[in-house]
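Peer 1: Structure below; questions to follow.
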Amino acid sequence: MASRVRTLRRSARIAGTNIAQRTARTSPALKRSLNADEKNEDHKRRKKQTERQSHTAASTSSAKFPTRASEQEMWKKGYKMVAGVDEAGRGPLVGPVVAAACIMGKDVFIKGVQDSKKMTEEQRLEAYDAITSHPQIVYALHAIDVKTIDSINILQAAMKAMEMAVAKLPTKPDYHLIDGNRVPKGLDAGTSKAIIKGDSKSTVIAAASVVAKVERDKLMIQLHEKYPQYGFDKHKGYGVPQHLSALYKYGPCPEHRRTFAPIKHMKLPRNPKS
C-alpha cells in the first residue's frame with residue numbers, strides 16, 4: 001500500500017513538473033501572440049483615429065462658404081456693378097425689417113463672410129466692420145417700421161425695404177442678386193435674379209445679410225433701452241420663451257407687430273401709446 005502511495009505521489013510530481021514545463025515552454029509563444037494582438041489592436045485604433053481626423057479635415061476644408069460665382073457669371077455677360085441684396089427681421093414679433101444692398105469690388109475678399117444666421121455675434125461684428133470700412137465696397141440700408149409692416153404685411157415690407165436699399169446705393173448697380181425666391185416688384189426683372197438661400201451661396205448677398213442683421217440688432221438694442229422688460233438685447237425680438245413670457249406679463253409695447261401671433265389674438269388698444 002505504501003509503495004502504491006509513493007508511486008502515485010511520484011507520478012503526481014512528474015505530472016506537475018511536466019505541466020509546469022509545458023507552461024514554461026508555451027508562455028513565450030503566448031506572450032508573443034498577446035503582444036501581436038495588442039499591436040494589431042493599437043494599429044487599428046490609430047488607423048481609425050487617423051481616418052476620423054482626415055474626415056474632419058476634409059469636412060472642414062470642404063465646408064461650403066458663399067462664393068463670387070454668381071457675380072462672375074454676370075461680369076462675363078457685361079454687367080459691371082452687381083449688387084447683393086438681403087433683409088433681416090422678417091421673423092421677429094417686434095421692430096422693423098431692415099434691408100441692405102452691397103456692391104463689392106472684383107478683388108475684394110472679406111474673411112469669414114457667410115449667411116449671417118450661421119455666424120456668431122462676434123463674427124458678424126468683425127465682418128460688418130470689414131465690409132463697411134472697405135474702400136471698394138459700397139452699401140446702403142433701408143428700414144420699414146412696424147406700422148407699415150402691419151399695414152402691408154411683412155413680405156411686402158421686406159420687398160419694399162430691399163427696393164429702397166438698392167435705390168439708396170451711391171453707385172447705381174446694373175444687376176441685382178436677391179436673396180429668396182422672388183424679385184421685388186420695384187426692381188427690373190430683366191436685370192435681377194432671385195437666389196434661394198442666396199446668403200449661403202453668394203458672397204455679395206452674404207455681405208448684405210451681415211450688414212442688415214447687424215444694423216437691425218443695433219435698433220433692437222435701442223428698443224431694449226426703452227423697453228427693458230422684454231429683453232430685446234438678448235433675443236432681438238424673436239418669439240423665444242423669455243420674450244413670450246414678458247409679452248404675456250406686460251402686454252405688447254408700441255413696437256410689437258399687431259398682425260403677428262400671439263399678439264394679434266390679444267385684446268389690445270388699436271392705437272397704443274408709446
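Naming scheme: A, B, ... for chains in displayed order of the C-alpha cells; residues 1 onward per chain; ligands 1 onward as shown.
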Quick check for you: according to DSSP on this backbone, which residues of segment 52-147 of chain A are classed as strand (DSSP E or B)? Reply as a PyMOL selection string.
Peer 2: chain A and resi 67+82-88+94+97-104+137-144
Peer 1: Residues of the last selection are to be written out with N, CA, C and O atoms, as a JSON list (two decimals), in the first residue's frame.
Peer 2:
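Below is the file result36.json, written as the result:
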```
[["chain", "number", "residue", "atom", "x", "y", "z"],
["A", 67, "THR", "N", -19.62, 81.97, -52.51],
["A", 67, "THR", "CA", -18.56, 82.31, -53.47],
["A", 67, "THR", "C", -19.00, 83.51, -54.31],
["A", 67, "THR", "O", -20.13, 84.00, -54.18],
["A", 82, "VAL", "N", -22.60, 94.63, -59.79],
["A", 82, "VAL", "CA", -23.56, 93.61, -59.37],
["A", 82, "VAL", "C", -23.81, 93.76, -57.86],
["A", 82, "VAL", "O", -22.89, 93.62, -57.05],
["A", 83, "ALA", "N", -25.04, 94.05, -57.52],
["A", 83, "ALA", "CA", -25.39, 94.26, -56.12],
["A", 83, "ALA", "C", -25.98, 93.00, -55.50],
["A", 83, "ALA", "O", -26.73, 92.27, -56.15],
["A", 84, "GLY", "N", -25.62, 92.76, -54.25],
["A", 84, "GLY", "CA", -26.26, 91.70, -53.46],
["A", 84, "GLY", "C", -27.26, 92.35, -52.52],
["A", 84, "GLY", "O", -26.97, 93.41, -51.94],
["A", 85, "VAL", "N", -28.41, 91.75, -52.38],
["A", 85, "VAL", "CA", -29.48, 92.36, -51.57],
["A", 85, "VAL", "C", -30.08, 91.32, -50.64],
["A", 85, "VAL", "O", -30.39, 90.20, -51.05],
["A", 86, "ASP", "N", -30.25, 91.70, -49.38],
["A", 86, "ASP", "CA", -30.86, 90.81, -48.40],
["A", 86, "ASP", "C", -31.52, 91.63, -47.32],
["A", 86, "ASP", "O", -31.30, 92.84, -47.20],
["A", 87, "GLU", "N", -32.34, 90.95, -46.51],
["A", 87, "GLU", "CA", -33.03, 91.64, -45.41],
["A", 87, "GLU", "C", -32.86, 90.87, -44.11],
["A", 87, "GLU", "O", -32.48, 89.69, -44.12],
["A", 88, "ALA", "N", -33.15, 91.53, -43.01],
["A", 88, "ALA", "CA", -33.13, 90.91, -41.69],
["A", 88, "ALA", "C", -34.36, 91.38, -40.92],
["A", 88, "ALA", "O", -34.70, 92.56, -40.98],
["A", 94, "VAL", "N", -41.37, 91.91, -33.16],
["A", 94, "VAL", "CA", -41.26, 93.33, -32.81],
["A", 94, "VAL", "C", -40.18, 93.99, -33.66],
["A", 94, "VAL", "O", -39.26, 93.34, -34.14],
["A", 97, "VAL", "N", -38.20, 95.74, -40.18],
["A", 97, "VAL", "CA", -37.46, 94.85, -41.06],
["A", 97, "VAL", "C", -36.44, 95.74, -41.78],
["A", 97, "VAL", "O", -36.76, 96.84, -42.22],
["A", 98, "VAL", "N", -35.20, 95.28, -41.85],
["A", 98, "VAL", "CA", -34.10, 96.08, -42.39],
["A", 98, "VAL", "C", -33.49, 95.36, -43.58],
["A", 98, "VAL", "O", -33.20, 94.16, -43.51],
["A", 99, "ALA", "N", -33.27, 96.08, -44.66],
["A", 99, "ALA", "CA", -32.63, 95.51, -45.84],
["A", 99, "ALA", "C", -31.33, 96.23, -46.12],
["A", 99, "ALA", "O", -31.16, 97.41, -45.78],
["A", 100, "ALA", "N", -30.40, 95.50, -46.72],
["A", 100, "ALA", "CA", -29.13, 96.09, -47.13],
["A", 100, "ALA", "C", -28.81, 95.67, -48.56],
["A", 100, "ALA", "O", -29.20, 94.59, -49.01],
["A", 101, "ALA", "N", -28.14, 96.56, -49.27],
["A", 101, "ALA", "CA", -27.64, 96.26, -50.62],
["A", 101, "ALA", "C", -26.16, 96.57, -50.64],
["A", 101, "ALA", "O", -25.72, 97.57, -50.08],
["A", 102, "CYS", "N", -25.37, 95.70, -51.25],
["A", 102, "CYS", "CA", -23.91, 95.87, -51.31],
["A", 102, "CYS", "C", -23.39, 95.65, -52.72],
["A", 102, "CYS", "O", -23.91, 94.81, -53.45],
["A", 103, "ILE", "N", -22.36, 96.39, -53.06],
["A", 103, "ILE", "CA", -21.59, 96.13, -54.28],
["A", 103, "ILE", "C", -20.14, 96.01, -53.85],
["A", 103, "ILE", "O", -19.60, 96.89, -53.17],
["A", 104, "MET", "N", -19.50, 94.90, -54.24],
["A", 104, "MET", "CA", -18.11, 94.65, -53.86],
["A", 104, "MET", "C", -17.20, 94.69, -55.08],
["A", 104, "MET", "O", -17.55, 94.18, -56.14],
["A", 137, "ILE", "N", -16.06, 98.68, -51.29],
["A", 137, "ILE", "CA", -17.42, 98.19, -51.05],
["A", 137, "ILE", "C", -18.33, 99.37, -50.79],
["A", 137, "ILE", "O", -18.03, 100.24, -49.96],
["A", 138, "VAL", "N", -19.42, 99.42, -51.50],
["A", 138, "VAL", "CA", -20.46, 100.42, -51.21],
["A", 138, "VAL", "C", -21.71, 99.67, -50.74],
["A", 138, "VAL", "O", -21.98, 98.55, -51.17],
["A", 139, "TYR", "N", -22.43, 100.29, -49.84],
["A", 139, "TYR", "CA", -23.63, 99.65, -49.31],
["A", 139, "TYR", "C", -24.66, 100.70, -48.92],
["A", 139, "TYR", "O", -24.34, 101.89, -48.77],
["A", 140, "ALA", "N", -25.89, 100.25, -48.79],
["A", 140, "ALA", "CA", -26.97, 101.14, -48.36],
["A", 140, "ALA", "C", -27.98, 100.31, -47.58],
["A", 140, "ALA", "O", -28.08, 99.09, -47.74],
["A", 141, "LEU", "N", -28.76, 101.01, -46.76],
["A", 141, "LEU", "CA", -29.73, 100.36, -45.88],
["A", 141, "LEU", "C", -31.08, 101.04, -45.97],
["A", 141, "LEU", "O", -31.19, 102.22, -46.29],
["A", 142, "HIS", "N", -32.11, 100.26, -45.66],
["A", 142, "HIS", "CA", -33.43, 100.86, -45.50],
["A", 142, "HIS", "C", -34.24, 100.01, -44.52],
["A", 142, "HIS", "O", -34.20, 98.77, -44.57],
["A", 143, "ALA", "N", -34.94, 100.69, -43.63],
["A", 143, "ALA", "CA", -35.77, 100.01, -42.62],
["A", 143, "ALA", "C", -37.24, 100.37, -42.83],
["A", 143, "ALA", "O", -37.57, 101.51, -43.13],
["A", 144, "ILE", "N", -38.09, 99.38, -42.69],
["A", 144, "ILE", "CA", -39.54, 99.58, -42.76],
["A", 144, "ILE", "C", -40.10, 99.40, -41.35],
["A", 144, "ILE", "O", -39.85, 98.38, -40.70]]
```
Peer 1: Considering only C-alpha atoms, tabulate each residue of segment 199-262 of chain A that lies at most 10 Å from segment 153-173 of chain A along with its nearest interatomic pair and the corresponding distance in Å to one decimal; arrange the rows by chain and ascending residue number and present them as CSV.
Peer 2:
```
residue,atom,partner,partner_atom,distance
A:Arg257,CA,A:Ile154,CA,9.5
A:Thr259,CA,A:Asn153,CA,7.9
A:Phe260,CA,A:Ile154,CA,9.4
```
Peer 1: If you keep N, CA, C and O atoms, can you produce a file of those selected residues as a tab-separated table (two decimals), in the first residue's frame?
Peer 2:
```tsv
chain	number	residue	atom	x	y	z
A	257	ARG	N	-45.49	93.90	-33.39
A	257	ARG	CA	-46.26	93.79	-34.63
A	257	ARG	C	-47.64	93.21	-34.32
A	257	ARG	O	-47.77	92.06	-33.92
A	259	THR	N	-50.00	92.31	-36.20
A	259	THR	CA	-50.53	91.28	-37.10
A	259	THR	C	-49.84	89.92	-36.90
A	259	THR	O	-50.14	88.97	-37.60
A	260	PHE	N	-48.92	89.86	-35.94
A	260	PHE	CA	-48.20	88.62	-35.66
A	260	PHE	C	-48.80	87.92	-34.45
A	260	PHE	O	-49.17	88.55	-33.46
```
Peer 1: May I have the residues within 7 Å of segment 231-245 of chain A as number ranges by chain, using only C-alpha atoms and disregarding those fewer than 6 positions away in the same chain?
Peer 2: A: 91-94, 217, 220-221, 223-224
Peer 1: Generate the output file for the selected residues, all heavy atoms, as a PDB file, in the first residue's frame.
Peer 2:
```
ATOM      1  N   GLY A  91     -38.875  87.500 -39.274  1.00  0.00           N
ATOM      2  CA  GLY A  91     -39.451  86.589 -38.293  1.00  0.00           C
ATOM      3  C   GLY A  91     -39.798  87.150 -36.927  1.00  0.00           C
ATOM      4  O   GLY A  91     -40.714  86.647 -36.274  1.00  0.00           O
ATOM      5  N   PRO A  92     -39.103  88.156 -36.439  1.00  0.00           N
ATOM      6  CA  PRO A  92     -39.361  88.642 -35.083  1.00  0.00           C
ATOM      7  C   PRO A  92     -40.780  89.195 -34.877  1.00  0.00           C
ATOM      8  O   PRO A  92     -41.471  89.528 -35.840  1.00  0.00           O
ATOM      9  CB  PRO A  92     -38.319  89.759 -34.916  1.00  0.00           C
ATOM     10  CG  PRO A  92     -37.223  89.388 -35.842  1.00  0.00           C
ATOM     11  CD  PRO A  92     -37.916  88.782 -37.032  1.00  0.00           C
ATOM     12  N   LEU A  93     -41.173  89.296 -33.622  1.00  0.00           N
ATOM     13  CA  LEU A  93     -42.510  89.794 -33.261  1.00  0.00           C
ATOM     14  C   LEU A  93     -42.516  91.301 -33.062  1.00  0.00           C
ATOM     15  O   LEU A  93     -43.584  91.879 -32.833  1.00  0.00           O
ATOM     16  CB  LEU A  93     -42.977  89.129 -31.957  1.00  0.00           C
ATOM     17  CG  LEU A  93     -42.895  87.601 -31.883  1.00  0.00           C
ATOM     18  CD1 LEU A  93     -43.394  87.121 -30.523  1.00  0.00           C
ATOM     19  CD2 LEU A  93     -43.680  86.970 -33.016  1.00  0.00           C
ATOM     20  N   VAL A  94     -41.369  91.907 -33.157  1.00  0.00           N
ATOM     21  CA  VAL A  94     -41.258  93.328 -32.814  1.00  0.00           C
ATOM     22  C   VAL A  94     -40.184  93.992 -33.665  1.00  0.00           C
ATOM     23  O   VAL A  94     -39.256  93.337 -34.144  1.00  0.00           O
ATOM     24  CB  VAL A  94     -40.926  93.481 -31.305  1.00  0.00           C
ATOM     25  CG1 VAL A  94     -39.574  92.882 -30.996  1.00  0.00           C
ATOM     26  CG2 VAL A  94     -40.978  94.928 -30.846  1.00  0.00           C
ATOM     27  N   ASP A 217     -29.898  94.633 -35.357  1.00  0.00           N
ATOM     28  CA  ASP A 217     -29.578  94.337 -33.956  1.00  0.00           C
ATOM     29  C   ASP A 217     -29.318  95.615 -33.169  1.00  0.00           C
ATOM     30  O   ASP A 217     -29.701  95.734 -31.995  1.00  0.00           O
ATOM     31  CB  ASP A 217     -28.359  93.419 -33.876  1.00  0.00           C
ATOM     32  CG  ASP A 217     -28.687  91.976 -34.233  1.00  0.00           C
ATOM     33  OD1 ASP A 217     -29.873  91.666 -34.468  1.00  0.00           O
ATOM     34  OD2 ASP A 217     -27.737  91.157 -34.287  1.00  0.00           O
ATOM     35  N   MET A 220     -32.572  97.079 -32.252  1.00  0.00           N
ATOM     36  CA  MET A 220     -33.226  96.325 -31.183  1.00  0.00           C
ATOM     37  C   MET A 220     -32.594  96.621 -29.822  1.00  0.00           C
ATOM     38  O   MET A 220     -33.292  96.626 -28.792  1.00  0.00           O
ATOM     39  CB  MET A 220     -33.162  94.823 -31.480  1.00  0.00           C
ATOM     40  CG  MET A 220     -33.980  94.396 -32.684  1.00  0.00           C
ATOM     41  SD  MET A 220     -35.696  94.985 -32.651  1.00  0.00           S
ATOM     42  CE  MET A 220     -36.289  94.252 -31.142  1.00  0.00           C
ATOM     43  N   ILE A 221     -31.319  96.906 -29.792  1.00  0.00           N
ATOM     44  CA  ILE A 221     -30.665  97.298 -28.537  1.00  0.00           C
ATOM     45  C   ILE A 221     -31.182  98.658 -28.090  1.00  0.00           C
ATOM     46  O   ILE A 221     -31.392  98.899 -26.891  1.00  0.00           O
ATOM     47  CB  ILE A 221     -29.137  97.296 -28.704  1.00  0.00           C
ATOM     48  CG1 ILE A 221     -28.645  95.845 -28.859  1.00  0.00           C
ATOM     49  CG2 ILE A 221     -28.447  97.958 -27.520  1.00  0.00           C
ATOM     50  CD1 ILE A 221     -27.193  95.715 -29.247  1.00  0.00           C
ATOM     51  N   LEU A 223     -34.193  99.728 -28.736  1.00  0.00           N
ATOM     52  CA  LEU A 223     -35.532  99.442 -28.214  1.00  0.00           C
ATOM     53  C   LEU A 223     -35.456  98.841 -26.812  1.00  0.00           C
ATOM     54  O   LEU A 223     -36.327  99.096 -25.973  1.00  0.00           O
ATOM     55  CB  LEU A 223     -36.283  98.487 -29.146  1.00  0.00           C
ATOM     56  CG  LEU A 223     -36.943  99.076 -30.385  1.00  0.00           C
ATOM     57  CD1 LEU A 223     -37.705  97.991 -31.143  1.00  0.00           C
ATOM     58  CD2 LEU A 223     -37.900 100.212 -30.004  1.00  0.00           C
ATOM     59  N   HIS A 224     -34.431  98.051 -26.571  1.00  0.00           N
ATOM     60  CA  HIS A 224     -34.254  97.459 -25.240  1.00  0.00           C
ATOM     61  C   HIS A 224     -34.068  98.545 -24.184  1.00  0.00           C
ATOM     62  O   HIS A 224     -34.585  98.432 -23.062  1.00  0.00           O
ATOM     63  CB  HIS A 224     -33.043  96.529 -25.240  1.00  0.00           C
ATOM     64  CG  HIS A 224     -32.672  96.050 -23.871  1.00  0.00           C
ATOM     65  ND1 HIS A 224     -33.410  95.118 -23.179  1.00  0.00           N
ATOM     66  CD2 HIS A 224     -31.641  96.410 -23.035  1.00  0.00           C
ATOM     67  CE1 HIS A 224     -32.858  94.903 -21.986  1.00  0.00           C
ATOM     68  NE2 HIS A 224     -31.798  95.674 -21.885  1.00  0.00           N
TER      69      HIS A 224
END
```
Peer 1: Pick from A:Asp188, A:Asp150, A:Glu126, A:Asp199: nearest to Gln114 of chain A, with only C-alpha atoms counted?
Peer 2: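 Going through A:Asp188, A:Asp150, A:Glu126, A:Asp199 one by one, the smallest distance to Gln114 of chain A is for A:Asp199.
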Peer 1: Might you pull out every residue within 8 Å of Glu71 of chain A, with only C-alpha atoms counted and same-chain residues fewer than 3 positions away left off, and present them as a ChimeraX atom specification?
Peer 2: /A:68,74-75,82,202,204
Peer 1: Take the selection from the previous step and output its residues with N, CA, C and O atoms, as a PDB file, in the first residue's frame.
Peer 2:
```
ATOM      1  N   ARG A  68     -18.166  83.902 -55.209  1.00  0.00           N
ATOM      2  CA  ARG A  68     -18.479  85.026 -56.093  1.00  0.00           C
ATOM      3  C   ARG A  68     -18.867  84.543 -57.489  1.00  0.00           C
ATOM      4  O   ARG A  68     -18.853  85.311 -58.457  1.00  0.00           O
ATOM      5  N   MET A  74     -22.280  87.180 -64.053  1.00  0.00           N
ATOM      6  CA  MET A  74     -22.837  88.444 -64.558  1.00  0.00           C
ATOM      7  C   MET A  74     -21.744  89.323 -65.166  1.00  0.00           C
ATOM      8  O   MET A  74     -21.970  90.005 -66.175  1.00  0.00           O
ATOM      9  N   TRP A  75     -20.558  89.314 -64.563  1.00  0.00           N
ATOM     10  CA  TRP A  75     -19.454  90.102 -65.117  1.00  0.00           C
ATOM     11  C   TRP A  75     -19.118  89.641 -66.533  1.00  0.00           C
ATOM     12  O   TRP A  75     -18.869  90.458 -67.416  1.00  0.00           O
ATOM     13  N   VAL A  82     -22.596  94.626 -59.787  1.00  0.00           N
ATOM     14  CA  VAL A  82     -23.556  93.608 -59.367  1.00  0.00           C
ATOM     15  C   VAL A  82     -23.812  93.756 -57.862  1.00  0.00           C
ATOM     16  O   VAL A  82     -22.887  93.616 -57.054  1.00  0.00           O
ATOM     17  N   SER A 202     -23.899  83.167 -52.366  1.00  0.00           N
ATOM     18  CA  SER A 202     -23.271  84.325 -52.988  1.00  0.00           C
ATOM     19  C   SER A 202     -22.620  85.223 -51.935  1.00  0.00           C
ATOM     20  O   SER A 202     -23.264  85.647 -50.979  1.00  0.00           O
ATOM     21  N   VAL A 204     -21.618  88.343 -52.127  1.00  0.00           N
ATOM     22  CA  VAL A 204     -22.131  89.709 -52.046  1.00  0.00           C
ATOM     23  C   VAL A 204     -23.506  89.752 -51.361  1.00  0.00           C
ATOM     24  O   VAL A 204     -23.821  90.704 -50.654  1.00  0.00           O
TER      25      VAL A 204
END
```
Peer 1: Could you please determine the separation between atom CA of Lys218 of chain A and atom CA of Asp129 of chain A in Å, to one decimal place?
Peer 2: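 Atom CA of Asp129 of chain A lies 13.6 Å from atom CA of Lys218 of chain A.
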Peer 1: Would you list the contacts of Ser200 of chain A as JSON, numbers by chain, taking every protein, DNA or RNA residue within 8 Å and counting only C-alpha atoms, but skipping same-chain residues closer than 6 positions in sequence?
Peer 2: {"A": [64, 65, 66, 114, 115, 206]}
Peer 1: Store the residues picked out above in a file with N, CA and C atoms, as a JSON list (two decimals), in the first residue's frame.
Peer 2:
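Final file, selection-v4.json:
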```
[["chain", "number", "residue", "atom", "x", "y", "z"],
["A", 64, "LYS", "N", -18.96, 74.57, -47.00],
["A", 64, "LYS", "CA", -19.48, 75.42, -48.06],
["A", 64, "LYS", "C", -19.62, 76.86, -47.59],
["A", 65, "PHE", "N", -18.78, 77.71, -48.11],
["A", 65, "PHE", "CA", -18.90, 79.14, -47.90],
["A", 65, "PHE", "C", -19.42, 79.75, -49.20],
["A", 66, "PRO", "N", -20.09, 80.88, -49.11],
["A", 66, "PRO", "CA", -20.54, 81.52, -50.35],
["A", 66, "PRO", "C", -19.36, 81.90, -51.23],
["A", 114, "GLN", "N", -20.44, 84.92, -44.52],
["A", 114, "GLN", "CA", -21.40, 83.91, -44.96],
["A", 114, "GLN", "C", -22.78, 84.33, -44.47],
["A", 115, "ASP", "N", -23.74, 83.45, -44.62],
["A", 115, "ASP", "CA", -25.09, 83.70, -44.13],
["A", 115, "ASP", "C", -25.00, 84.16, -42.68],
["A", 206, "ALA", "N", -24.32, 87.53, -49.03],
["A", 206, "ALA", "CA", -23.95, 87.27, -47.63],
["A", 206, "ALA", "C", -23.48, 88.55, -46.96]]
```
Peer 1: Residues at most 10 Å from Pro135 of chain A, counting only C-alpha atoms, excluding those fewer than 5 positions away in the same chain, as a PyMOL selection string?
Peer 2: chain A and resi 104-105+108+130
Peer 1: Mind giving me the straight-line distance from atom CA of Arg90 of chain A to atom CA of Phe109 of chain A in Å, one decimal?
Peer 2: 28.3 Å
Peer 1: Pick from A:Gln136, A:Thr191, A:Gln229, A:Thr203: nearest to Gly112 of chain A, with only C-alpha atoms counted?
Peer 2: A:Thr203
Peer 1: May I ask for the distance between atom CA of Met119 of chain A and atom CA of Gly89 of chain A, given in Å to one decimal place?
Peer 2: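 For atom CA of Met119 of chain A relative to atom CA of Gly89 of chain A, the distance reads 15.8 Å.
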